[in-house]
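Have a look at the structure below, then the notes.
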Amino acid sequence: MSKETERLDELLRQGLDRVSDLGDEQPPNLGDLQMLVASVQAEQRQKLYGDLLKFWGVAAVLLAAILLAFQRSPIAFLVFQGAVGLLSLIGAGLWYVGRKQVAE
Amino acid sequence: MTSTDEARQIARAQRGDSVALAQLLQTHYLPVKKYLVSVTFDRNLAEDLTQETMIRAIQRIGQFGGRSKFSTWLISIATNLYMDWLRKQKRERRIEEDAIQSLLLEPAELGPDTEVRDLLERLHELPRDVALPLILKHYHGYTYEEIAEWMAIPVGTVKSRIFNGIRALRKGEESHEQGD
């Protein structure tokens, strides 16, 4: 490190020491922080339960729709399932070939 | 507190001990705030970001893997939050006004040394995305890799920003000396 940079670093250190001097400031007391921890964790739990509820709700609706479709027209349902499977395979194949070409 | 004590406290906090987590946050509260004042030059903003950092730490304590020190992990969260704040300000085009409003602290707080005060003013005039890596590297001593990860930019960009920052500070110093 050059002398100039060392000097600049020293000035920077002195200046930022002064800027960030918090004097005799005290951190929040433990009780307040415990309350913060409890409230954030409670909020997190609530959000998790909400997300789980949404997930199970959507899953139940989808499952009901699938069962209903199968009950009404089993052949059309199986043809649709087969087509989706086939399209997924073709999509995966194209993606793989594309990636291989990019790598080459 | 030794590093072993802290590791034990972290493990307890990760198992759901809220007292251990509160104690950890209390220990690191002022160092995080001090860090944020040094990069933002704004005590109010530093206070807000410190509280946000603590909330983020509570939410993510389970993800702390011990690869870095706990203090470094908190600094990375604080830096991310500051970067988010900068992006939001930029989007809302408020950065210029805020930079002027929070232009350093009171002159009395910067001490009588004009050389230091001028350097701080030049540092504050630098674009924030240049000043931040410079302060992280030259004042706090973090590595280029750490800074790059926290700022989500390549290591080369960190190096060039620091280089440009130093050059700008030196240029200002030279013109100041010539002016004298």
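Ordered as shown in the structure tokens, chains take letters A, B, and onward, while each chain numbers its residues from 1 and ligands are numbered from 1 in the order shown.
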Report as JSON lines the residues of chain A within 9 Å of chain B, each with its shortest atom pair and distance in Å (one decimal), using only C-alpha atoms, ordered by chain and increasing residue number.
```
{"residue": "A:Glu4", "atom": "CA", "partner": "B:Arg170", "partner_atom": "CA", "distance": 8.5}
{"residue": "A:Thr5", "atom": "CA", "partner": "B:Ile166", "partner_atom": "CA", "distance": 8.0}
{"residue": "A:Leu8", "atom": "CA", "partner": "B:Arg170", "partner_atom": "CA", "distance": 7.9}
{"residue": "A:Asp9", "atom": "CA", "partner": "B:His138", "partner_atom": "CA", "distance": 6.4}
{"residue": "A:Leu11", "atom": "CA", "partner": "B:Val116", "partner_atom": "CA", "distance": 5.7}
{"residue": "A:Leu12", "atom": "CA", "partner": "B:Tyr139", "partner_atom": "CA", "distance": 7.0}
{"residue": "A:Arg13", "atom": "CA", "partner": "B:Tyr139", "partner_atom": "CA", "distance": 6.0}
{"residue": "A:Gln14", "atom": "CA", "partner": "B:Val116", "partner_atom": "CA", "distance": 7.1}
{"residue": "A:Gly15", "atom": "CA", "partner": "B:Val116", "partner_atom": "CA", "distance": 5.5}
{"residue": "A:Leu16", "atom": "CA", "partner": "B:Ser38", "partner_atom": "CA", "distance": 5.9}
{"residue": "A:Asp17", "atom": "CA", "partner": "B:Ser38", "partner_atom": "CA", "distance": 7.9}
{"residue": "A:Arg18", "atom": "CA", "partner": "B:Leu110", "partner_atom": "CA", "distance": 6.0}
{"residue": "A:Val19", "atom": "CA", "partner": "B:Ser38", "partner_atom": "CA", "distance": 6.3}
{"residue": "A:Ser20", "atom": "CA", "partner": "B:Ser38", "partner_atom": "CA", "distance": 5.1}
{"residue": "A:Asp21", "atom": "CA", "partner": "B:Lys34", "partner_atom": "CA", "distance": 7.0}
{"residue": "A:Leu22", "atom": "CA", "partner": "B:Lys34", "partner_atom": "CA", "distance": 6.8}
{"residue": "A:Glu25", "atom": "CA", "partner": "B:Leu30", "partner_atom": "CA", "distance": 8.1}
{"residue": "A:Gln26", "atom": "CA", "partner": "B:Leu30", "partner_atom": "CA", "distance": 7.5}
{"residue": "A:Pro27", "atom": "CA", "partner": "B:Leu30", "partner_atom": "CA", "distance": 6.0}
{"residue": "A:Pro28", "atom": "CA", "partner": "B:Gln26", "partner_atom": "CA", "distance": 6.7}
{"residue": "A:Asn29", "atom": "CA", "partner": "B:Gln26", "partner_atom": "CA", "distance": 7.4}
{"residue": "A:Leu30", "atom": "CA", "partner": "B:Ala22", "partner_atom": "CA", "distance": 6.3}
{"residue": "A:Gly31", "atom": "CA", "partner": "B:Ala22", "partner_atom": "CA", "distance": 8.2}
{"residue": "A:Asp32", "atom": "CA", "partner": "B:Ala22", "partner_atom": "CA", "distance": 8.6}
{"residue": "A:Leu33", "atom": "CA", "partner": "B:Ala22", "partner_atom": "CA", "distance": 5.2}
{"residue": "A:Gln34", "atom": "CA", "partner": "B:Ala22", "partner_atom": "CA", "distance": 5.2}
{"residue": "A:Met35", "atom": "CA", "partner": "B:Ala22", "partner_atom": "CA", "distance": 8.7}
{"residue": "A:Leu36", "atom": "CA", "partner": "B:Ile55", "partner_atom": "CA", "distance": 7.8}
{"residue": "A:Val37", "atom": "CA", "partner": "B:Ile58", "partner_atom": "CA", "distance": 6.3}
{"residue": "A:Ala38", "atom": "CA", "partner": "B:Ser18", "partner_atom": "CA", "distance": 7.1}
{"residue": "A:Val40", "atom": "CA", "partner": "B:Ile55", "partner_atom": "CA", "distance": 6.9}
{"residue": "A:Gln41", "atom": "CA", "partner": "B:Gln59", "partner_atom": "CA", "distance": 7.0}
{"residue": "A:Gln44", "atom": "CA", "partner": "B:Gln59", "partner_atom": "CA", "distance": 7.3}
```
Exercise. So which bits of range 21-154 of chain B end up alpha helix (DSSP H) when you DSSP the backbone, as JSON, numbers by chain?
Worked result: {"B": [21, 22, 23, 24, 25, 26, 27, 28, 29, 30, 31, 32, 33, 34, 35, 36, 37, 38, 39, 40, 43, 44, 45, 46, 47, 48, 49, 50, 51, 52, 53, 54, 55, 56, 57, 58, 59, 60, 70, 71, 72, 73, 74, 75, 76, 77, 78, 79, 80, 81, 82, 83, 84, 85, 86, 87, 88, 89, 90, 91, 95, 96, 97, 98, 99, 100, 101, 114, 115, 116, 117, 118, 119, 120, 121, 122, 123, 124, 125, 128, 129, 130, 131, 132, 133, 134, 135, 136, 137, 138, 144, 145, 146, 147, 148, 149, 150, 151]}
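Going from CA of Thr53 in chain B to CA of Ala78 in chain B covers 5.4 Å.
Note that CA of Gly62 in chain B and CA of Leu136 in chain B are 26.2 Å apart.
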Exercise. What is the CA of Val32 in chain B-CA of Tyr82 in chain B distance in Å, reported with one decimal?
Worked result: 12.0 Å
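Shortest separation to Arg12 in chain B among B:Ile61, B:Pro133, B:Asp48, B:Thr72 occurs at residue B:Ile61, atoms counted being only C-alpha atoms.
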